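Here's protein-v8.txt, which has compact mmCIF, C-alpha atoms:
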# COMPACT_ATOMS: atom_id res chain seq x y z
CA MET A 1 -19.65 -1.12 -14.38
CA LEU A 2 -17.58 -1.58 -11.27
CA LEU A 3 -15.89 1.50 -9.89
CA VAL A 4 -12.74 0.58 -7.99
CA VAL A 5 -11.14 3.33 -5.91
CA THR A 6 -7.90 2.87 -3.99
CA TYR A 7 -6.81 4.86 -0.97
CA SER A 8 -3.17 3.89 -0.42
CA ARG A 9 0.01 3.71 -2.44
CA ALA A 10 0.16 -0.03 -2.05
CA ALA A 11 -3.44 -0.55 -3.15
CA ARG A 12 -2.90 1.77 -6.11
CA GLY A 13 0.15 -0.29 -7.06
CA THR A 14 -1.84 -3.51 -7.02
CA LEU A 15 -4.64 -1.88 -9.03
CA ARG A 16 -2.08 -0.81 -11.62
CA ASN A 17 -0.75 -4.36 -11.80
CA VAL A 18 -4.23 -5.83 -12.17
CA CYS A 19 -5.01 -3.34 -14.94
CA ARG A 20 -1.79 -4.21 -16.75
CA THR A 21 -2.28 -7.94 -16.44
CA HIS A 22 -5.99 -8.08 -17.23
CA GLU A 23 -6.63 -5.47 -19.87
CA ALA A 24 -10.00 -6.97 -20.76
CA VAL A 25 -11.24 -6.28 -17.25
CA VAL A 26 -10.51 -2.58 -17.43
CA VAL A 27 -12.85 -0.22 -19.17
CA ARG A 28 -10.77 2.77 -18.07
CA ARG A 29 -8.20 3.63 -15.45
CA PHE A 30 -7.65 7.05 -13.94
CA GLY A 31 -4.61 6.88 -11.68
CA ARG A 32 -5.83 5.33 -8.47
CA VAL A 33 -9.33 4.71 -9.79
CA ALA A 34 -10.56 2.28 -12.41
CA LEU A 35 -13.77 1.25 -14.08
CA PHE A 36 -14.03 -2.49 -14.50
CA ALA A 37 -16.23 -4.36 -16.91
CA GLU A 38 -19.42 -5.87 -15.65
CA THR A 39 -18.26 -9.49 -15.55
CA GLU A 40 -17.77 -11.97 -12.77
CA PHE A 41 -14.07 -12.06 -13.58
CA ALA A 42 -13.84 -8.31 -13.10
CA ALA A 43 -15.75 -8.63 -9.83
CA PHE A 44 -13.34 -11.37 -8.81
CA GLN A 45 -10.37 -9.09 -9.47
CA ALA A 46 -11.99 -6.23 -7.57
CA LEU A 47 -12.78 -8.47 -4.60
CA ARG A 48 -9.27 -9.85 -4.62
CA LEU A 49 -7.95 -6.31 -4.45
CA ARG A 50 -10.18 -5.52 -1.50
CA GLU A 51 -9.26 -8.77 0.19
CA LYS A 52 -5.63 -7.73 -0.03
CA HIS A 53 -5.95 -4.07 0.95
CA GLY A 54 -9.11 -3.96 3.06
CA GLY A 55 -10.37 -0.45 3.77
CA ASP A 56 -7.98 1.00 1.19
CA VAL A 57 -10.19 -0.32 -1.59
CA GLN A 58 -13.73 0.79 -2.34
CA ILE A 59 -15.90 -1.00 -4.86
CA GLU A 60 -19.08 0.54 -6.19
CA ARG A 61 -21.34 -0.42 -9.02
CA THR A 62 -22.27 2.23 -11.55
CA ARG A 63 -25.13 2.24 -13.99
CA PRO A 64 -25.51 4.01 -17.31
CA PHE A 65 -26.94 7.50 -17.10
CA ASN A 66 -29.82 8.12 -19.43
CA GLU A 67 -30.94 11.70 -19.09
CA PHE A 68 -34.19 10.84 -20.86
CA GLU A 69 -35.04 8.46 -18.05
CA ALA A 70 -33.33 10.03 -15.07
CA VAL A 71 -34.50 13.64 -15.31
CA ASP A 72 -37.33 15.78 -16.58
CA ARG A 73 -37.16 17.62 -19.83
CA SER A 74 -36.91 20.90 -17.87
CA VAL A 75 -33.53 19.85 -16.45
CA ARG A 76 -32.13 18.90 -19.85
CA GLU A 77 -33.39 22.11 -21.38
CA ALA A 78 -32.06 24.24 -18.54
CA ALA A 79 -28.60 22.71 -18.98
CA ALA A 80 -28.62 23.40 -22.70
CA ALA A 81 -29.98 26.92 -22.27
CA TYR A 82 -27.54 27.84 -19.52
CA GLU A 83 -24.55 26.64 -21.54
CA SER A 84 -25.57 28.84 -24.46
CA ARG A 85 -26.13 31.93 -22.29
CA ASP A 86 -24.82 35.29 -23.46
CA GLN A 87 -23.14 36.39 -20.25
CA PRO A 88 -20.48 33.89 -19.23
CA ALA A 89 -20.25 35.23 -15.66
CA LEU A 90 -23.95 34.85 -14.92
CA PRO A 91 -24.59 32.35 -12.13
CA TYR A 92 -27.30 29.80 -12.75
CA SER A 93 -29.53 31.04 -9.94
CA ALA A 94 -29.67 34.48 -11.55
CA PHE A 95 -30.08 32.93 -14.99
CA ALA A 96 -33.04 30.82 -13.85
CA ASP A 97 -34.69 33.62 -11.90
CA GLY A 98 -37.91 34.74 -13.49
CA THR A 99 -37.81 32.04 -16.16
CA ASP A 100 -39.36 28.60 -16.48
CA HIS A 101 -36.02 26.96 -15.76
CA PRO A 102 -35.91 25.01 -12.50
CA ASP A 103 -34.67 26.75 -9.39
CA PRO A 104 -31.27 25.45 -8.18
CA ASP A 105 -32.60 24.63 -4.71
CA GLN A 106 -35.40 22.65 -6.22
CA LEU A 107 -32.81 20.72 -8.27
CA ARG A 108 -30.69 20.11 -5.19
CA ASN A 109 -33.57 18.65 -3.28
CA SER A 110 -34.79 16.35 -6.02
CA GLU A 111 -33.16 12.95 -6.10
CA LEU A 112 -32.73 11.19 -9.38
CA MET B 1 31.24 -0.03 23.52
CA THR B 2 35.02 -0.10 23.40
CA GLU B 3 37.54 2.09 21.60
CA SER B 4 36.49 3.69 18.35
CA GLY B 5 35.15 1.10 15.95
CA ALA B 6 36.45 -1.93 17.84
CA VAL B 7 34.18 -4.94 17.90
CA THR B 8 33.93 -7.69 20.46
CA VAL B 9 32.55 -11.00 19.31
CA ARG B 10 31.81 -13.93 21.59
CA VAL B 11 31.16 -17.19 19.89
CA ASP B 12 31.45 -20.78 21.12
CA GLY B 13 32.93 -19.50 24.34
CA GLU B 14 35.71 -17.63 22.53
CA ARG B 15 36.18 -13.91 22.49
CA GLN B 16 37.69 -11.80 19.70
CA THR B 17 38.17 -8.08 19.71
CA GLY B 18 39.33 -5.64 17.06
CA ARG B 19 38.44 -3.71 13.91
CA ALA B 20 38.75 -6.93 11.91
CA VAL B 21 37.35 -10.12 13.34
CA ASP B 22 37.92 -13.37 11.53
CA LEU B 23 35.17 -15.95 11.97
CA ARG B 24 35.82 -17.75 8.70
CA ALA B 25 36.69 -20.96 10.50
CA LYS B 26 33.31 -21.05 12.24
CA SER B 27 31.27 -21.41 9.03
CA LEU B 28 28.52 -19.10 10.26
CA GLU B 29 25.59 -17.96 8.20
CA PRO B 30 26.44 -14.35 7.13
CA ALA B 31 22.88 -13.12 7.53
CA MET B 32 22.80 -14.56 11.02
CA VAL B 33 25.95 -12.66 11.98
CA ALA B 34 24.56 -9.42 10.57
CA ALA B 35 21.36 -10.07 12.50
CA ALA B 36 23.43 -10.44 15.65
CA VAL B 37 24.99 -7.04 14.92
CA ARG B 38 21.53 -5.54 14.70
CA GLU B 39 20.13 -7.74 17.38
CA GLU B 40 17.91 -5.47 19.39
CA SER B 41 17.28 -2.80 16.82
CA ALA B 42 15.86 -5.08 14.14
CA ALA B 43 15.97 -8.77 14.86
CA LEU B 44 13.41 -9.40 12.15
CA ASP B 45 14.81 -7.06 9.57
CA GLY B 46 17.03 -9.36 7.58
CA PRO B 47 19.76 -8.07 5.30
CA ASP B 48 18.73 -10.17 2.34
CA ARG B 49 16.58 -7.77 0.44
CA SER B 50 17.09 -9.21 -2.98
CA GLY B 51 13.36 -9.16 -3.57
CA TYR B 52 13.33 -5.45 -2.87
CA GLU B 53 14.77 -4.48 -6.22
CA SER B 54 11.63 -4.61 -8.28
CA SER B 55 9.21 -3.71 -5.56
CA GLU B 56 8.75 -0.03 -6.37
CA ALA B 57 5.13 -0.49 -7.30
CA GLU B 58 4.22 -2.23 -4.08
CA PRO B 59 6.30 -1.15 -1.15
CA THR B 60 6.18 -2.73 2.28
CA GLY B 61 4.59 -6.14 2.21
CA THR B 62 5.78 -8.88 4.48
CA ALA B 63 6.54 -11.18 1.59
CA PHE B 64 10.24 -10.36 1.65
CA GLU B 65 10.66 -11.01 5.32
CA SER B 66 11.19 -14.57 6.28
CA PRO B 67 10.45 -15.48 9.86
CA ALA B 68 13.19 -14.94 12.39
CA THR B 69 13.34 -18.60 13.22
CA GLU B 70 14.72 -19.37 9.80
CA ARG B 71 17.64 -17.12 10.30
CA ILE B 72 18.66 -17.98 13.80
CA ASP B 73 20.86 -20.98 13.63
CA PRO B 74 20.40 -22.86 16.90
CA ASP B 75 23.94 -24.24 16.73
CA HIS B 76 25.32 -20.74 16.96
CA SER B 77 22.88 -19.16 19.32
CA SER B 78 25.77 -18.39 21.65
CA LEU B 79 26.96 -15.67 19.23
CA SER B 80 26.98 -12.20 20.72
CA ILE B 81 28.47 -9.07 19.26
CA ASP B 82 29.34 -5.89 21.07
CA CYS B 83 29.68 -2.97 18.71
CA ARG B 84 28.33 0.42 17.75
CA ALA B 85 24.74 0.69 16.58
CA PRO B 86 24.28 0.16 12.84
CA GLY B 87 22.83 3.04 10.83
CA THR B 88 20.53 2.98 7.82
CA VAL B 89 23.35 2.21 5.42
CA TYR B 90 23.86 -1.05 7.31
CA ASP B 91 20.44 -2.20 6.10
CA HIS B 92 21.83 -2.13 2.58
CA VAL B 93 25.46 -3.22 2.84
CA GLY B 94 25.71 -4.67 6.35
CA CYS B 95 26.06 -8.15 4.95
CA ILE B 96 28.07 -8.46 1.76
CA GLU B 97 27.83 -11.83 0.07
CA PRO B 98 27.58 -13.07 -3.53
CA SER B 99 23.85 -13.88 -3.34
CA MET B 100 22.94 -10.36 -2.19
CA GLY B 101 20.76 -7.90 -4.01
CA LEU B 102 21.36 -4.19 -3.76
CA ARG B 103 19.41 -1.07 -4.65
CA VAL B 104 22.55 0.86 -5.35
CA ARG B 105 21.07 4.34 -5.45
CA THR B 106 19.12 3.90 -2.26
CA ALA B 107 22.18 2.43 -0.55
CA LEU B 108 24.35 5.26 -1.78
CA ALA B 109 21.89 7.87 -0.54
CA ALA B 110 22.04 6.16 2.87
CA ALA B 111 25.83 6.29 2.63
CA ALA B 112 25.66 10.04 2.02
CA ARG B 113 23.36 10.37 5.03
CA SER B 114 25.80 8.37 7.16
CA ARG B 115 28.32 11.14 6.56
CA GLY B 116 25.87 13.77 7.68
CA GLY B 117 24.62 14.64 4.20
CA GLU B 118 21.64 16.97 4.19
CA THR B 119 19.24 18.09 1.50
CA PRO B 120 16.97 21.08 0.96
CA HIS B 121 14.02 18.68 1.35
CA ASP B 122 14.81 17.51 4.85
CA GLN B 123 12.61 20.05 6.59
CA ASP B 124 9.62 19.23 4.46
CA LEU B 125 10.25 15.54 4.98
CA GLU B 126 10.34 16.04 8.71
CA ARG B 127 7.13 18.05 8.66
CA ILE B 128 5.38 15.41 6.62
CA ALA B 129 6.61 12.68 8.93
CA GLY B 130 5.06 14.65 11.78
CA GLU B 131 1.78 15.10 9.95
CA LEU B 132 1.66 11.41 9.14
CA ALA B 133 2.36 10.53 12.75
CA ASP B 134 -0.46 12.83 13.89
CA LEU B 135 -2.92 11.52 11.35
CA THR B 136 -5.39 9.05 12.76
CA VAL B 137 -7.13 6.86 10.29
CA PRO B 138 -10.35 5.40 11.68
CA ALA B 139 -10.59 1.67 11.19
CA PRO B 140 -12.96 0.86 8.36
CA PRO B 141 -16.40 -0.17 9.60
CA ASP B 142 -17.74 -3.61 8.83
CA LEU B 143 -19.52 -3.09 5.53
CA GLN B 144 -19.69 -6.70 4.55
CA GLY B 145 -22.11 -7.64 7.35
CA PRO B 146 -24.60 -4.87 6.54
CA ARG B 147 -24.31 -5.57 2.80
CA GLU B 148 -25.00 -9.22 3.37
CA ARG B 149 -27.98 -8.31 5.52
CA VAL B 150 -29.47 -6.03 2.84
CA ALA B 151 -28.88 -8.52 0.04
CA GLY B 152 -32.05 -10.41 -0.77
CA THR B 153 -34.36 -8.21 1.29
CA ASP B 154 -35.81 -6.64 -1.87
CA ALA B 155 -36.50 -10.04 -3.35
CA ALA B 156 -38.07 -11.23 -0.10
CA VAL B 157 -40.38 -8.20 0.05
CA ASP B 158 -41.35 -8.60 -3.61
CA ARG B 159 -42.08 -12.29 -3.12
CA ILE B 160 -44.35 -11.80 -0.16
CA ARG B 161 -46.02 -8.78 -1.75
CA GLU B 162 -46.94 -10.87 -4.77
CA ARG B 163 -48.28 -13.52 -2.45
CA VAL B 164 -50.45 -10.97 -0.65
CA ALA B 165 -51.80 -9.71 -3.96
CA ALA B 166 -52.56 -13.22 -5.15
CA LEU B 167 -54.33 -14.09 -1.90
CA ARG B 168 -56.36 -10.92 -2.06
CA GLY B 169 -57.47 -11.88 -5.52
CA ARG B 170 -58.47 -15.34 -4.39
CA VAL B 171 -60.38 -14.03 -1.37
CA GLN B 172 -62.23 -11.60 -3.60
CA ALA B 173 -63.01 -14.26 -6.17
CA GLY B 174 -64.19 -16.65 -3.42
CA ARG B 175 -66.44 -14.02 -1.95
CA ASP B 176 -67.88 -13.18 -5.36
CA ALA B 177 -68.63 -16.85 -5.89
CA GLY B 178 -70.22 -17.12 -2.43
CA ARG B 179 -67.64 -19.65 -1.12
CA ASP B 180 -66.33 -19.83 2.41
CA VAL B 181 -63.11 -17.85 2.38
CA SER B 182 -62.25 -17.85 6.11
CA ASP B 183 -59.16 -20.06 5.59
CA LEU B 184 -57.97 -17.86 2.77
CA GLU B 185 -58.58 -14.78 4.87
CA ALA B 186 -56.49 -16.19 7.68
CA GLU B 187 -53.76 -16.95 5.17
CA LEU B 188 -53.99 -13.44 3.81
CA ALA B 189 -53.76 -11.92 7.29
CA GLN B 190 -50.68 -14.02 7.98
CA ALA B 191 -49.07 -12.99 4.68
CA THR B 192 -49.85 -9.34 5.32
CA ARG B 193 -48.16 -9.55 8.73
CA GLU B 194 -45.16 -11.18 7.13
CA LEU B 195 -44.99 -8.47 4.47
CA SER B 196 -44.88 -5.80 7.12
CA GLU B 197 -42.16 -7.68 9.01
CA ARG B 198 -40.08 -8.06 5.88
CA GLU B 199 -40.46 -4.40 5.06
CA THR B 200 -39.36 -3.40 8.56
CA GLU B 201 -36.43 -5.73 8.26
CA ARG B 202 -35.42 -4.25 4.96
CA ALA B 203 -35.66 -0.70 6.26
CA ALA B 204 -33.50 -1.58 9.26
CA ALA B 205 -30.94 -3.32 7.09
CA ARG B 206 -30.76 -0.38 4.69
CA GLU B 207 -30.35 2.06 7.53
CA ALA B 208 -27.54 0.00 9.05
CA LEU B 209 -25.79 -0.09 5.69
CA GLU B 210 -26.16 3.66 5.23
CA ARG B 211 -24.68 4.22 8.69
CA ALA B 212 -21.74 1.95 7.90
CA GLU B 213 -21.21 3.74 4.58
CA ARG B 214 -21.08 7.11 6.32
CA LEU B 215 -18.39 5.78 8.64
CA ALA B 216 -16.56 4.26 5.70
CA ARG B 217 -16.50 7.65 4.00
CA GLU B 218 -14.84 9.21 7.05
CA SER B 219 -12.27 6.45 7.11
CA ARG B 220 -11.63 6.91 3.38
CA ASP B 221 -11.23 10.68 3.76
CA ALA B 222 -8.46 10.05 6.28
CA ARG B 223 -6.92 7.36 4.10
CA GLU B 224 -6.95 9.76 1.19
CA ARG B 225 -5.16 12.41 3.26
CA ARG B 226 -2.59 9.83 4.31
CA ARG B 227 -2.10 8.68 0.73
CA ARG B 228 -1.49 12.24 -0.43
CA LEU B 229 1.04 12.81 2.31
CA GLU B 230 2.76 9.55 1.47
CA ASP B 231 2.89 10.47 -2.20
CA ARG B 232 4.36 13.82 -1.31
CA ARG B 233 6.87 12.15 0.97
CA ALA B 234 7.87 9.71 -1.77
CA ASN B 235 8.42 12.61 -4.19
CA LEU B 236 10.51 14.47 -1.66
CA GLN B 237 12.48 11.34 -0.89
CA ARG B 238 13.22 10.93 -4.56
CA SER B 239 14.40 14.52 -4.80
CA ALA B 240 16.44 14.16 -1.62
CA ARG B 241 18.02 11.00 -2.94
CA ALA B 242 18.91 12.66 -6.22
CA HIS B 243 20.44 15.53 -4.30
CA LEU B 244 22.51 13.18 -2.15
CA LEU B 245 23.57 11.05 -5.11
CA GLU B 246 24.74 14.01 -7.08
CA ARG B 247 27.22 14.86 -4.35
CA ILE B 248 28.55 11.38 -3.75
CA SER B 249 28.44 9.59 -7.09
CA ASP B 250 31.89 10.70 -8.28
CA GLU B 251 33.40 9.32 -5.13
CA PHE B 252 31.38 6.15 -5.53
CA GLU B 253 32.52 5.72 -9.14
CA HIS B 254 36.09 6.10 -8.04
CA ALA B 255 35.56 3.53 -5.25
CA VAL B 256 34.00 1.08 -7.72
CA ASP B 257 37.17 1.30 -9.83
CA LEU B 258 39.24 0.47 -6.79
CA VAL B 259 37.25 -2.53 -5.48
CA PRO B 260 39.55 -5.55 -5.51
CA GLY B 261 38.35 -8.13 -8.01
CA GLY B 262 35.67 -5.68 -9.15
CA VAL B 263 35.50 -4.00 -12.53
CA ASP B 264 37.95 -5.06 -15.22
CA GLU B 265 40.56 -2.51 -16.12
CA GLY B 266 39.30 -0.10 -18.73
CA ALA B 267 35.85 -1.68 -18.98
CA PRO B 268 33.41 1.11 -19.78
CA GLU B 269 31.12 -0.03 -17.02
CA ASP B 270 28.17 1.90 -15.64
CA PRO B 271 29.13 2.14 -11.97
CA PHE B 272 25.49 1.59 -11.02
CA ALA B 273 25.32 -1.64 -13.01
CA VAL B 274 28.27 -3.49 -11.51
CA ASP B 275 27.72 -6.68 -9.52
CA ALA B 276 26.12 -6.27 -6.13
CA VAL B 277 29.21 -7.22 -4.12
CA THR B 278 31.39 -4.68 -5.92
CA ALA B 279 28.75 -1.99 -5.54
CA ALA B 280 28.21 -2.82 -1.87
CA LEU B 281 31.93 -2.66 -1.13
CA ALA B 282 32.18 0.69 -2.87
CA VAL B 283 29.17 1.96 -0.90
CA GLY B 284 30.80 0.66 2.28
CA ARG B 285 33.97 2.54 1.43
CA VAL B 286 32.29 5.89 0.84
CA ALA B 287 29.92 5.51 3.79
CA ARG B 288 30.71 6.14 7.39
CA VAL B 289 30.11 2.75 9.00
CA ASP B 290 30.46 2.21 12.72
CA ALA B 291 28.94 -1.26 13.03
CA PRO B 292 30.97 -4.15 11.64
CA LEU B 293 30.24 -5.09 8.03
CA VAL B 294 29.82 -8.81 7.61
CA LEU B 295 31.88 -9.96 4.64
CA ALA B 296 31.32 -13.28 2.94
CA CYS B 297 33.17 -12.45 -0.26
CA GLU B 298 36.67 -13.27 -1.32
CA ARG B 299 37.88 -9.88 -2.41
CA PHE B 300 40.48 -9.15 0.23
CA GLU B 301 43.62 -10.93 1.41
CA THR B 302 42.75 -10.58 5.05
CA PRO B 303 39.97 -9.16 7.21
CA GLU B 304 42.45 -6.47 8.26
CA SER B 305 43.03 -5.35 4.69
CA ALA B 306 39.25 -5.27 4.18
CA ALA B 307 38.77 -3.13 7.28
CA GLY B 308 41.54 -0.82 6.07
CA TRP B 309 40.13 -0.50 2.56
CA LEU B 310 36.58 0.03 3.77
CA ASP B 311 37.65 2.17 6.70
CA ALA B 312 35.09 0.26 8.76
CA PRO B 313 35.05 -2.56 11.27
CA VAL B 314 34.68 -5.92 9.59
CA ILE B 315 33.66 -9.44 10.51
CA ALA B 316 34.77 -12.00 7.95
CA VAL B 317 32.69 -15.14 7.80

Can you turn what I pasted into structure tokens?
Amino acid sequence: MLLVVTYSRAARGTLRNVCRTHEAVVVRRFGRVALFAETEFAAFQALRLREKHGGDVQIERTRPFNEFEAVDRSVREAAAAYESRDQPALPYSAFADGTDHPDPDQLRNSEL
Amino acid sequence: MTESGAVTVRVDGERQTGRAVDLRAKSLEPAMVAAAVREESAALDGPDRSGYESSEAEPTGTAFESPATERIDPDHSSLSIDCRAPGTVYDHVGCIEPSMGLRVRTALAAAARSRGGETPHDQDLERIAGELADLTVPAPPDLQGPRERVAGTDAAVDRIRERVAALRGRVQAGRDAGRDVSDLEAELAQATRELSERETERAAAREALERAERLARESRDARERRRRLEDRRANLQRSARAHLLERISDEFEHAVDLVPGGVDEGAPEDPFAVDAVTAALAVGRVARVDAPLVLACERFETPESAAGWLDAPVIAV
């Protein structure tokens, strides 16, 4: 999908108008940010917005996140295990210490 | 500047002075006369803001401003007006004519300000104005150039890599079959060089794009700060306006009832929904106006009676 972020009141206003006028383009809008469908028409609308507001509009392309492709089983399991921990106040680093769960620094330094 | 509120107008070699100047015989363009009142302060800032009404969603924008040349009538370029400086309220009701548009609440808030009205939000507004003035927003870097440069580099590398692989295969097969492969080897060497060039090119292009994106992030951080401040300012302005309106709206309603040729007797009219001329005259009456209001409406017997009713200098056109 296309992620459209606006950085000024005027650009946000135009984004709102685009979203109102072209509902089919918009997958979801969050205030000054919107996700557009992956079509050339949506890209056209996003580009038009950037043409009008320049640096106040950022367009990125997102891709679906599949945790079974993007990360190892250990990461998925650690997330599940940590969320069902007994002590709510326990930080993850302490939780992972001495277990098979991945170390937070190791996670930080591994790109997807 | 002459005595309090008096206006001196020079047009076509004639000179008129007073609180009520009658230029009706000159058939001047009202907007042009109001522009002459503003002259230095805002030559480009025309009084016809009819398009402004529905523009909440997208403020600013040059679309509503027609070029100055359209407004300055060459036949009357000799017009000069000596008067007190117009205040903010003049932007709203400086030129009162049937085709005008008016954001009544905004105009009325400006009228309250013209009388020295203050609000509990003024200090915050001033602070935010200062913060906005101090905020520097770095110009966005050119991202399009680097993006264009990166585009296609992957495909180019893949293409040449496939070619290298294919050539390798053919060289190997030729050797295995005992054929002369020197031409193929030369071709392979050439392709291998090209692959390395393409890869270098791609790496450089990617690095340039990453650099530009880092700069873009800095620019966006500043833009985001500015946007937050502007949102906050808009909220405060709304609150300030509400505060000002609350204190002046009774007086305004009363003035609306009194506008000559305005609201019909006994009509249960919303004072904020009356026609623009009536509303503008009522705003003019409750405001303190030092610069002459340009009137192109037939509501008063004489310019003098208009000036008296409005308690403001007047130029009738």

Under the rule of at most 8 Å, produce a per-residue listing of chain A near chain B: chain, number, name, the closest pair of atoms, and the distance in Å, as CSV, using all atoms listed in the file.
residue,atom,partner,partner_atom,distance
A:Tyr7,CA,B:Glu224,CA,5.4
A:Ser8,CA,B:Arg227,CA,5.0
A:Arg9,CA,B:Arg227,CA,6.3
A:Ala10,CA,B:Glu58,CA,5.0
A:Ala11,CA,B:Glu58,CA,7.9
A:Gly13,CA,B:Ala57,CA,5.0
A:Thr14,CA,B:Glu58,CA,6.9
A:Gly55,CA,B:Pro140,CA,5.4
A:Asp56,CA,B:Arg223,CA,7.1

Phe41 of chain A surroundings by all atoms listed in the file, 10 Å radius, close-in-sequence under 4 positions cut, as number ranges by chain: A: 22, 24-25, 36-37, 45-47

Gap from atom CA of Glu251 of chain B to atom CA of Gly94 of chain B - Å, one decimal: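 Value for the atom CA of Glu251 of chain B-atom CA of Gly94 of chain B distance: 19.7 Å.
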
Residue contacts of segment 253-265 of chain B (8 Å, all atoms listed in the file) excluding same-chain residues fewer than 2 positions away, as a list of chain:residue names: B:Ser249, B:Asp250, B:Glu251, B:Ala267, B:Glu269, B:Pro271, B:Val274, B:Thr278, B:Ala279, B:Leu281, B:Ala282, B:Val283, B:Arg285, B:Val286, B:Arg299, B:Phe300

Residue list as a PyMOL selection string for point (-15.1, -7.7, -11.9), cut-off 12 Å, all atoms listed in the file: chain A and resi 1-4+18-19+22-27+34-50+59-61

Atom CA of Thr106 of chain B to atom CA of Pro303 of chain B, straight-line distance in Å: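 So the two atoms, atom CA of Pro303 of chain B and atom CA of Thr106 of chain B, lie 26.4 Å apart.
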
Length of the atom CA of Arg168 of chain B to atom CA of Thr200 of chain B vector [Å]: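 One can read the atom CA of Arg168 of chain B to atom CA of Thr200 of chain B distance as 21.4 Å.
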
Nearest to Val93 of chain B, chosen from B:Leu108, B:Ile315, B:Ala156, B:Ala6, with all atoms listed in the file counted in the distances: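 Selected residue with least distance to Val93 of chain B: B:Leu108.
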
Contacts of Leu112 of chain A at 10 Å (all atoms listed in the file; same-chain gap of 3+ positions) as a PDB file with C-alpha atoms, in the coordinates of the input:
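Written output follows (result22.pdb):
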ATOM      1  CA  GLU A  67     -30.940  11.700 -19.090  1.00  0.00           C
ATOM      2  CA  GLU A  69     -35.040   8.460 -18.050  1.00  0.00           C
ATOM      3  CA  ALA A  70     -33.330  10.030 -15.070  1.00  0.00           C
ATOM      4  CA  VAL A  71     -34.500  13.640 -15.310  1.00  0.00           C
ATOM      5  CA  ASP A  72     -37.330  15.780 -16.580  1.00  0.00           C
ATOM      6  CA  LEU A 107     -32.810  20.720  -8.270  1.00  0.00           C
ATOM      7  CA  ASN A 109     -33.570  18.650  -3.280  1.00  0.00           C
TER       8      ASN A 109
END

Near-segment 80-87 of chain B list (7 Å; all atoms listed in the file; drop same-chain fewer than 2 positions) as a ChimeraX atom specification: /B:1,6-11,36-38,78,89-90,290-291
